[in-house]
$ cat final_13.csv   # CSV, C-alpha atoms
chain,number,residue,atom,x,y,z
S,752,MET,CA,27.6,15.5,-1.8
S,753,PRO,CA,27.7,17.7,-4.9
S,754,ILE,CA,28.5,16.0,-8.2
S,755,SER,CA,31.4,17.8,-9.9
S,756,THR,CA,33.0,15.3,-12.3
S,757,PRO,CA,32.0,12.2,-14.2
S,758,LYS,CA,34.3,10.2,-12.0
S,759,SER,CA,32.7,11.3,-8.7
S,760,ALA,CA,29.3,10.8,-10.3
S,761,TYR,CA,30.3,7.2,-11.1
S,762,TRP,CA,31.3,6.6,-7.5
S,763,LYS,CA,28.2,8.2,-6.2
S,764,GLY,CA,26.1,5.9,-8.4
S,765,LEU,CA,28.1,2.9,-7.3
S,766,ILE,CA,27.5,3.6,-3.7
S,767,ALA,CA,23.8,4.3,-4.2
S,768,GLY,CA,23.5,0.9,-6.0
S,769,ALA,CA,25.2,-1.1,-3.4
S,770,PRO,CA,22.2,-1.8,-1.1
S,771,PHE,CA,20.3,-3.2,-4.1
S,772,THR,CA,22.8,-6.1,-4.4
S,773,ALA,CA,20.8,-7.5,-1.5
S,774,VAL,CA,17.7,-7.6,-3.6
S,775,ALA,CA,19.3,-9.0,-6.7
S,776,ALA,CA,21.4,-11.7,-5.0
S,777,PRO,CA,18.6,-14.0,-3.7
S,778,PHE,CA,16.6,-14.0,-7.0
S,779,ALA,CA,19.6,-14.7,-9.1
S,780,ALA,CA,20.7,-17.5,-6.7
S,781,LEU,CA,17.2,-18.9,-6.8
S,782,PHE,CA,17.2,-18.8,-10.6
S,783,GLY,CA,20.6,-20.7,-10.5
S,784,VAL,CA,19.2,-23.4,-8.2
S,785,LEU,CA,15.9,-23.8,-10.0
S,786,GLY,CA,17.6,-23.7,-13.4
S,787,THR,CA,19.9,-26.6,-12.5
S,788,GLU,CA,17.0,-28.5,-10.9
S,789,ALA,CA,15.2,-28.1,-14.2
S,790,GLY,CA,18.1,-29.8,-16.0
S,791,LEU,CA,20.1,-26.8,-17.1
S,792,ASN,CA,23.9,-26.9,-16.7
S,793,LEU,CA,26.0,-24.2,-15.2
S,794,PHE,CA,26.9,-22.7,-18.7
S,795,GLU,CA,23.2,-22.6,-19.7
S,796,VAL,CA,22.2,-20.9,-16.5
S,797,MET,CA,24.9,-18.3,-16.9
S,798,MET,CA,24.1,-17.6,-20.6
S,799,PHE,CA,20.4,-17.2,-19.5
S,800,SER,CA,21.4,-14.6,-16.9
S,801,PHE,CA,23.9,-12.8,-19.2
S,802,SER,CA,21.4,-12.5,-22.1
S,803,VAL,CA,18.2,-11.6,-20.2
S,804,ILE,CA,19.1,-10.0,-16.8
S,805,ALA,CA,15.5,-9.9,-15.6
S,806,GLY,CA,14.3,-12.2,-12.8
S,807,ALA,CA,10.6,-12.3,-13.5
S,808,ALA,CA,11.2,-13.0,-17.2
S,809,GLN,CA,13.8,-15.7,-16.5
S,810,PHE,CA,11.5,-17.4,-14.0
S,811,THR,CA,8.5,-17.2,-16.3
S,812,ALA,CA,10.5,-18.8,-19.2
S,813,LEU,CA,11.8,-21.5,-16.9
S,814,GLN,CA,8.4,-22.4,-15.5
S,815,LEU,CA,6.7,-22.5,-18.9
S,816,MET,CA,9.4,-24.6,-20.6
S,817,GLN,CA,9.0,-27.1,-17.7
S,818,GLU,CA,5.3,-27.2,-18.4
S,819,ASN,CA,6.1,-27.9,-22.1
S,820,ALA,CA,4.3,-24.8,-23.3
S,821,PRO,CA,4.9,-23.9,-27.0
S,822,THR,CA,8.0,-21.9,-27.5
S,823,VAL,CA,6.1,-18.9,-28.9
S,824,ILE,CA,4.0,-18.8,-25.6
S,825,VAL,CA,7.2,-19.1,-23.5
S,826,LEU,CA,8.7,-16.0,-25.3
S,827,LEU,CA,5.5,-14.0,-25.4
S,828,SER,CA,4.8,-14.5,-21.7
S,829,ALA,CA,8.4,-13.8,-20.6
S,830,LEU,CA,8.5,-10.7,-22.8
S,831,ALA,CA,5.1,-9.5,-21.5
S,832,VAL,CA,6.4,-9.8,-17.9
S,833,ASN,CA,9.4,-7.8,-19.0
S,834,LEU,CA,7.5,-5.0,-20.7
S,835,ARG,CA,8.1,-2.7,-17.8
S,836,VAL,CA,11.7,-2.2,-19.0
S,837,ALA,CA,10.3,-0.5,-22.1
S,838,MET,CA,8.6,1.9,-19.8
S,839,TYR,CA,11.9,2.5,-18.0
S,840,SER,CA,13.5,3.1,-21.4
S,841,ALA,CA,10.9,5.7,-22.2
S,842,ALA,CA,11.3,7.4,-18.8
S,843,ILE,CA,15.1,7.6,-18.9
S,844,THR,CA,15.3,8.9,-22.5
S,845,PRO,CA,14.8,12.6,-21.6
S,846,TYR,CA,18.0,12.3,-19.5
S,847,LEU,CA,20.2,10.0,-21.5
S,848,GLY,CA,18.8,10.4,-25.0
S,849,ASP,CA,21.5,12.9,-26.0
S,850,GLY,CA,24.4,10.5,-25.6
S,851,PRO,CA,26.2,8.9,-28.6
S,852,LEU,CA,24.6,5.7,-30.0
S,853,TRP,CA,27.2,3.3,-28.5
S,854,LYS,CA,26.6,4.7,-25.0
S,855,ARG,CA,22.9,4.4,-25.4
S,856,ALA,CA,23.3,0.9,-26.7
S,857,ILE,CA,25.4,-0.2,-23.6
S,858,ALA,CA,23.1,1.7,-21.2
S,859,SER,CA,20.1,-0.2,-22.7
S,860,TYR,CA,21.7,-3.6,-21.9
S,861,MET,CA,22.0,-2.5,-18.2
S,862,LEU,CA,18.6,-1.0,-17.8
S,863,VAL,CA,17.2,-2.9,-14.8
S,864,ASP,CA,14.8,-1.9,-12.0
S,865,GLN,CA,17.6,-0.6,-9.8
S,866,SER,CA,19.5,1.5,-12.3
S,867,TYR,CA,16.2,3.0,-13.6
S,868,ALA,CA,14.9,3.9,-10.1
S,869,LEU,CA,18.1,5.3,-8.8
S,870,SER,CA,19.0,7.3,-11.9
S,871,GLN,CA,15.5,8.7,-12.4
S,872,GLU,CA,15.5,10.0,-8.8
S,873,GLN,CA,19.0,11.4,-9.0
S,874,PHE,CA,18.4,13.2,-12.4
S,875,GLU,CA,15.2,14.8,-11.1
S,876,LYS,CA,17.0,16.0,-8.0
S,877,ALA,CA,20.0,17.4,-9.8
S,878,PRO,CA,18.8,18.9,-13.1
S,879,ASP,CA,22.1,20.6,-13.8
S,880,MET,CA,24.2,17.4,-14.2
S,881,THR,CA,26.0,17.3,-17.6
S,882,GLY,CA,25.3,14.4,-20.0
S,883,ALA,CA,28.6,12.8,-19.2
S,884,GLU,CA,27.9,13.0,-15.5
S,885,ARG,CA,24.5,11.4,-16.0
S,886,TYR,CA,25.9,8.5,-17.9
S,887,ALA,CA,28.6,8.1,-15.2
S,888,TYR,CA,26.1,8.0,-12.4
S,889,TYR,CA,23.9,5.6,-14.4
S,890,PHE,CA,26.7,3.2,-15.1
S,891,GLY,CA,27.8,3.4,-11.5
S,892,SER,CA,24.3,2.6,-10.2
S,893,CYS,CA,24.1,-0.6,-12.4
S,894,THR,CA,27.6,-1.9,-11.7
S,895,LEU,CA,27.1,-3.7,-8.4
S,896,PRO,CA,23.6,-5.0,-8.9
S,897,ILE,CA,24.6,-6.5,-12.3
S,898,ILE,CA,27.8,-8.0,-11.1
S,899,THR,CA,25.7,-9.5,-8.2
S,900,TRP,CA,23.2,-10.8,-10.7
S,901,PHE,CA,25.9,-12.8,-12.6
S,902,GLY,CA,27.8,-13.9,-9.4
S,903,SER,CA,24.7,-15.1,-7.6
S,904,SER,CA,23.4,-16.9,-10.7
S,905,PHE,CA,26.7,-18.8,-10.7
S,906,ALA,CA,26.6,-19.5,-7.0
S,907,GLY,CA,23.0,-20.7,-7.2
S,908,ALA,CA,23.7,-23.0,-10.1
S,909,ALA,CA,26.8,-24.4,-8.3
S,910,LEU,CA,24.6,-25.0,-5.2
S,911,GLY,CA,21.8,-26.5,-7.4
S,912,THR,CA,24.1,-29.1,-8.9
S,913,ALA,CA,25.3,-30.0,-5.4
S,914,LEU,CA,21.7,-30.4,-3.9
S,915,PRO,CA,20.4,-34.0,-3.7
S,916,GLN,CA,17.9,-35.1,-6.4
S,917,GLY,CA,14.3,-34.6,-5.3
S,918,PHE,CA,15.0,-31.7,-2.9
S,919,PRO,CA,11.5,-30.2,-2.5
S,920,LEU,CA,11.7,-27.0,-4.6
S,921,ASP,CA,8.6,-27.6,-6.7
S,922,PHE,CA,6.9,-24.6,-5.0
S,923,ALA,CA,9.8,-22.2,-4.9
S,924,LEU,CA,8.9,-20.6,-8.2
S,925,PRO,CA,5.3,-19.7,-7.2
S,926,ILE,CA,6.6,-18.3,-3.9
S,927,ALA,CA,9.1,-16.2,-5.8
S,928,PHE,CA,6.5,-14.9,-8.2
S,929,LEU,CA,4.1,-14.0,-5.4
S,930,SER,CA,6.8,-12.3,-3.4
S,931,MET,CA,7.7,-10.2,-6.4
S,932,VAL,CA,4.2,-9.3,-7.4
S,933,ALA,CA,2.6,-8.6,-4.0
S,934,PRO,CA,4.6,-5.4,-3.3
S,935,MET,CA,3.6,-4.1,-6.8
S,936,MET,CA,0.0,-3.8,-5.7
S,937,ARG,CA,0.2,-0.1,-5.1
S,938,SER,CA,-3.4,0.9,-6.0
S,939,ILE,CA,-6.9,-0.4,-6.5
S,940,PRO,CA,-6.4,-0.8,-10.3
S,941,HIS,CA,-3.4,-3.0,-9.7
S,942,LEU,CA,-5.5,-5.2,-7.4
S,943,VAL,CA,-8.3,-5.3,-10.0
S,944,ALA,CA,-5.8,-6.3,-12.7
S,945,ALA,CA,-4.5,-9.1,-10.6
S,946,ALA,CA,-7.9,-10.4,-9.5
S,947,VAL,CA,-9.3,-10.4,-13.0
S,948,ALA,CA,-6.2,-12.1,-14.4
S,949,ILE,CA,-6.4,-14.8,-11.7
S,950,VAL,CA,-10.1,-15.6,-12.4
S,951,VAL,CA,-9.6,-15.7,-16.1
S,952,ALA,CA,-6.5,-17.8,-15.8
S,953,LEU,CA,-8.4,-20.4,-13.7
S,954,LEU,CA,-11.4,-20.4,-16.1
S,955,ALA,CA,-9.1,-20.5,-19.2
S,956,VAL,CA,-6.8,-23.3,-17.9
S,957,HIS,CA,-8.0,-25.7,-20.5
S,958,ILE,CA,-7.5,-23.5,-23.5
S,959,PRO,CA,-4.8,-25.3,-25.5
S,960,PHE,CA,-1.2,-24.2,-26.1
S,961,SER,CA,-1.1,-22.3,-22.8
S,962,LEU,CA,-2.9,-19.4,-24.6
S,963,GLY,CA,-5.0,-19.1,-21.4
S,964,LEU,CA,-2.1,-17.2,-19.8
S,965,ILE,CA,-2.0,-14.6,-22.6
S,966,VAL,CA,-5.8,-14.3,-22.6
S,967,ALA,CA,-5.8,-13.9,-18.8
S,968,GLY,CA,-2.9,-11.4,-18.9
S,969,MET,CA,-4.6,-9.2,-21.5
S,970,ALA,CA,-7.9,-9.4,-19.5
S,971,GLY,CA,-6.1,-8.3,-16.4
S,972,MET,CA,-4.3,-5.4,-18.2
S,973,ALA,CA,-7.6,-4.2,-19.7
S,974,ALA,CA,-9.3,-4.4,-16.3
S,975,GLY,CA,-6.5,-2.5,-14.6
S,976,ALA,CA,-6.4,0.2,-17.3
S,977,GLN,CA,-10.2,0.6,-17.4
S,978,SER,CA,-10.6,0.8,-13.6
S,979,GLU,CA,-7.9,3.4,-13.6
S,980,VAL,CA,-10.0,5.5,-16.0
S,981,TRP,CA,-13.2,5.0,-13.9
S,982,ILE,CA,-11.5,5.8,-10.6
S,983,GLY,CA,-9.9,8.8,-12.2
S,984,LYS,CA,-13.2,10.1,-13.6
S,985,ARG,CA,-14.9,9.6,-10.3
S,986,ALA,CA,-12.2,11.5,-8.5
S,987,ALA,CA,-12.5,14.3,-11.0
S,988,HIS,CA,-16.3,14.4,-10.3
S,989,ASP,CA,-16.1,14.5,-6.5
Q,378,MET,CA,13.3,-32.5,-19.4
Q,379,ILE,CA,13.7,-29.2,-21.3
Q,380,ASP,CA,14.6,-29.7,-25.0
Q,381,ARG,CA,18.1,-28.4,-25.7
Q,382,ALA,CA,17.3,-26.7,-29.0
Q,383,GLU,CA,14.3,-25.0,-27.5
Q,384,LEU,CA,16.3,-23.9,-24.5
Q,385,TRP,CA,18.9,-22.2,-26.6
Q,386,PHE,CA,16.4,-20.7,-28.9
Q,387,VAL,CA,14.6,-19.2,-25.8
Q,388,ILE,CA,17.8,-18.0,-24.3
Q,389,ILE,CA,18.9,-16.2,-27.5
Q,390,ALA,CA,15.4,-14.9,-28.5
Q,391,LEU,CA,14.5,-13.8,-25.0
Q,392,GLY,CA,17.9,-12.0,-24.7
Q,393,ILE,CA,17.3,-10.2,-28.0
Q,394,GLY,CA,13.7,-9.4,-27.2
Q,395,SER,CA,14.6,-8.1,-23.7
Q,396,TYR,CA,17.4,-6.0,-25.2
Q,397,LEU,CA,15.0,-4.5,-27.8
Q,398,LEU,CA,12.5,-3.6,-25.1
Q,399,ARG,CA,15.3,-1.8,-23.2
Q,400,PHE,CA,16.7,-0.2,-26.4
Q,401,SER,CA,13.2,0.8,-27.7
Q,402,PHE,CA,12.9,4.3,-26.5
Q,403,LEU,CA,16.5,5.2,-25.5
Q,404,GLY,CA,17.9,4.0,-28.8
Q,405,LEU,CA,15.1,4.3,-31.4
Q,406,VAL,CA,12.1,6.3,-30.4
Q,407,GLY,CA,13.8,9.2,-28.7
Q,408,ASN,CA,11.6,11.7,-26.9
Q,409,ARG,CA,8.4,11.2,-28.8
Q,410,PRO,CA,5.5,10.7,-26.3
Q,411,LEU,CA,3.5,7.5,-26.2
Q,412,PRO,CA,-0.3,7.5,-26.4
Q,413,ALA,CA,-1.8,7.6,-22.9
Q,414,TRP,CA,-4.0,4.4,-23.4
Q,415,LEU,CA,-0.9,2.4,-24.2
Q,416,LEU,CA,1.0,3.5,-21.2
Q,417,ARG,CA,-2.1,2.8,-19.1
Q,418,HIS,CA,-2.1,-0.8,-20.3
Q,419,LEU,CA,1.6,-1.3,-20.0
Q,420,ARG,CA,1.4,-0.3,-16.3
Q,421,TYR,CA,-0.6,-3.5,-15.5
Q,422,THR,CA,1.3,-6.1,-17.5
Q,423,ALA,CA,3.4,-7.5,-14.7
Q,424,VAL,CA,0.6,-7.4,-12.1
Q,425,ALA,CA,-1.7,-9.3,-14.6
Q,426,ILE,CA,0.7,-11.8,-16.1
Q,427,LEU,CA,2.4,-13.0,-13.0
Q,428,PRO,CA,-0.7,-13.8,-11.0
Q,429,ALA,CA,-2.2,-15.4,-14.1
Q,430,LEU,CA,0.9,-17.6,-14.2
Q,431,VAL,CA,0.8,-18.5,-10.6
Q,432,ALA,CA,-3.0,-19.0,-10.1
Q,433,PRO,CA,-3.3,-22.4,-11.8
Q,434,ILE,CA,-0.1,-23.7,-10.2
Q,435,VAL,CA,-1.5,-23.0,-6.8
Q,436,TYR,CA,-5.1,-24.0,-7.5
Q,437,TYR,CA,-4.2,-27.4,-9.1
Q,438,SER,CA,-1.4,-28.2,-6.7
Q,439,ASN,CA,-2.6,-31.5,-5.2
Q,440,GLU,CA,-1.3,-34.8,-6.4
Q,441,THR,CA,-4.0,-35.5,-8.9
Q,442,GLN,CA,-3.9,-31.9,-10.1
Q,443,SER,CA,-7.7,-31.6,-9.4
Q,444,GLY,CA,-7.6,-29.0,-6.7
Q,445,PRO,CA,-5.5,-27.1,-4.2
Q,446,GLU,CA,-3.2,-28.8,-1.8
Q,447,PRO,CA,-3.7,-27.2,1.6
Q,448,VAL,CA,-0.1,-26.4,2.6
Q,449,ARG,CA,0.8,-24.9,-0.8
Q,450,LEU,CA,-2.5,-22.9,-0.9
Q,451,VAL,CA,-1.8,-21.5,2.6
Q,452,ALA,CA,1.9,-20.8,1.7
Q,453,ALA,CA,0.8,-18.9,-1.4
Q,454,ILE,CA,-1.7,-16.8,0.5
Q,455,VAL,CA,0.7,-16.0,3.3
Q,456,THR,CA,3.5,-15.1,0.8
Q,457,PHE,CA,1.1,-12.7,-1.0
Q,458,ALA,CA,-0.3,-11.2,2.2
Q,459,VAL,CA,3.1,-10.6,3.8
Q,460,GLY,CA,4.4,-9.1,0.6
Q,461,PHE,CA,1.3,-6.9,0.2
Q,462,TRP,CA,1.3,-5.5,3.7
Q,463,THR,CA,5.1,-5.1,4.2
Q,464,LYS,CA,6.1,-4.4,0.6
Q,465,ASN,CA,9.1,-6.5,1.5
Q,466,VAL,CA,10.2,-9.2,-1.0
Q,467,PHE,CA,12.4,-11.0,1.6
Q,468,LEU,CA,9.9,-11.2,4.3
Q,469,ALA,CA,7.3,-12.5,1.8
Q,470,ILE,CA,9.7,-15.3,0.7
Q,471,VAL,CA,10.7,-16.2,4.2
Q,472,ALA,CA,7.1,-16.3,5.3
Q,473,GLY,CA,6.1,-18.6,2.4
Q,474,ALA,CA,9.1,-20.9,2.8
Q,475,THR,CA,8.3,-21.1,6.6
Q,476,VAL,CA,4.7,-22.2,5.9
Q,477,MET,CA,6.0,-24.8,3.4
Q,478,GLY,CA,8.6,-26.0,5.9
Q,479,ILE,CA,6.2,-26.4,8.8
Q,480,GLY,CA,3.5,-27.8,6.6
Q,481,LEU,CA,5.6,-30.5,4.9
Q,482,TYR,CA,7.9,-31.5,7.7
Q,483,GLY,CA,6.6,-30.0,11.0
Q,484,LEU,CA,3.2,-31.7,10.9
Q,485,GLN,CA,4.4,-35.2,10.3
$ encode --input "final_13.csv" --output "structure tokens"
Amino acid sequence: MPISTPKSAYWKGLIAGAPFTAVAAPFAALFGVLGTEAGLNLFEVMMFSFSVIAGAAQFTALQLMQENAPTVIVLLSALAVNLRVAMYSAAITPYLGDGPLWKRAIASYMLVDQSYALSQEQFEKAPDMTGAERYAYYFGSCTLPIITWFGSSFAGAALGTALPQGFPLDFALPIAFLSMVAPMMRSIPHLVAAAVAIVVALLAVHIPFSLGLIVAGMAGMAAGAQSEVWIGKRAAHD
Amino acid sequence: MIDRAELWFVIIALGIGSYLLRFSFLGLVGNRPLPAWLLRHLRYTAVAILPALVAPIVYYSNETQSGPEPVRLVAAIVTFAVGFWTKNVFLAIVAGATVMGIGLYGLQ
């Protein structure tokens, strides 16, 4: 289907984004359930989802607040988990950077995994799209996943308040984290980063103020980056 | 119980922080390229921080928090293994939840 006007570009983006509602829905619902289990009310859960729109960061903050970690560690860790959106921002700028500031400001709020992945693919495929068509496609691709994010957070929070006290959800967060991170293991440096982070996290568990998490994360990042360099050098040699 | 003042501070600060991460390049930096070493480290933030967060929860999951509780340990390994091999978030969650369900209720 060729894209001829901003309106048809919006619809094309909307349709492309539709399947991703199935990815957003369970995580948002789980956040709603676990948020209410942790003592948040419906309004607090919704404000969380409105302001952050990022599953891994929201789960991280929730987990660390329940562990009574210092607030600065809660924020640092959740933002570190969310650093990938800065990479999306960098990657999408060549395509959307020419728009007016207000458009760039709104587009930034909606920059999530789905809108980034779909738009990047589309913009590479169709280099002759106009700026207005690109923005239309981009906003189309975010519309359904983001509506789903809010709607499912609400549904999850409503369900969470209805669940009996003591429903065994204590291990749902680790399962959610593991299911998110396992498919990210695309290369050996990714596995090295995770392995080093795990070992350091277990060794550093007694470091006060939950700083062990930051130390382990930085060790894992360095290990991943360094092994990428080594593997790259060896590949260049062979 | 999560402290109310802390909760609202986190909601607002994390919202602003996440927004600034998203706005960083699109709004502020423009098309200037980033140094390669920085991008190389950024690539591994999530795959380092998330396992580092989960590892102690899994490893100290028994009642006295002195070691792993078998059902939770197996559930964690199965979740990761299924997610790794299938690259499918759903299948991973279902597999982990199934192990938890069987382990906690099926074996009694």
$ closest_atom_pairs --input "final_13.csv" --of "chain Q" --to "stretch 941-948 of chain S" --cutoff "7 Å" --atoms "all atoms listed in the file" --output "CSV"
residue,atom,partner,partner_atom,distance
Q:Tyr421,CA,S:His941,CA,6.5
Q:Val424,CA,S:Ala945,CA,5.6
Q:Ala425,CA,S:Ala945,CA,4.9
Q:Pro428,CA,S:Ala945,CA,6.1
Q:Ala429,CA,S:Ala948,CA,5.2
$ write_last_selection --input "final_13.csv" --atoms "C-alpha atoms" --output "PDB file, keeping the file's coordinate frame"
ATOM      1  CA  TYR Q 421      -0.600  -3.500 -15.500  1.00  0.00           C
ATOM      2  CA  VAL Q 424       0.600  -7.400 -12.100  1.00  0.00           C
ATOM      3  CA  ALA Q 425      -1.700  -9.300 -14.600  1.00  0.00           C
ATOM      4  CA  PRO Q 428      -0.700 -13.800 -11.000  1.00  0.00           C
ATOM      5  CA  ALA Q 429      -2.200 -15.400 -14.100  1.00  0.00           C
TER       6      ALA Q 429
END
$ interface_residues --input "final_13.csv" --of "chain S" --to "chain Q" --cutoff "6 Å" --atoms "only C-alpha atoms" --output "PyMOL selection string"
chain S and resi 799+802-803+832+836-837+840-841+844+848+859-860+925+929-930+933-934+944-945+948-949+952-953+964+968+971-972+976
$ atom_distance --input "final_13.csv" --atom1 "atom CA of S:Leu826" --atom2 "atom CA of S:Ala776"
24.3 Å
$ residues_around --input "final_13.csv" --residues "S:Met861" --least-positions-apart "2" --cutoff "12 Å" --atoms "only C-alpha atoms" --output "ChimeraX atom specification"
/S:801-805,836,839-840,854-859,863-867,886,889-898,900 /Q:395-396,398-400,403
$ closest_residue --input "final_13.csv" --among "S:Gly786, S:Pro845, S:Pro821, S:Gly882" --to "S:Gln809" --atoms "only C-alpha atoms"
S:Gly786
$ closest_residue --input "final_13.csv" --among "S:Ala883, S:Ala789, S:Met797, S:Ala773" --to "S:Pro757" --atoms "all atoms listed in the file"
S:Ala883
$ closest_residue --input "final_13.csv" --among "Q:Val448, Q:Val476, Q:Ser443, Q:Gly483" --to "S:Val956" --atoms "all atoms listed in the file"
Q:Ser443
$ closest_residue --input "final_13.csv" --among "S:Leu813, S:Asn792, S:Glu875, S:Ser903" --to "S:Pro777" --atoms "only C-alpha atoms"
S:Ser903
$ atom_distance --input "final_13.csv" --atom1 "atom CA of S:Gln814" --atom2 "atom CA of S:Leu924"
7.5 Å
$ atom_distance --input "final_13.csv" --atom1 "atom CA of S:Ala973" --atom2 "atom CA of S:Ile958"
19.7 Å
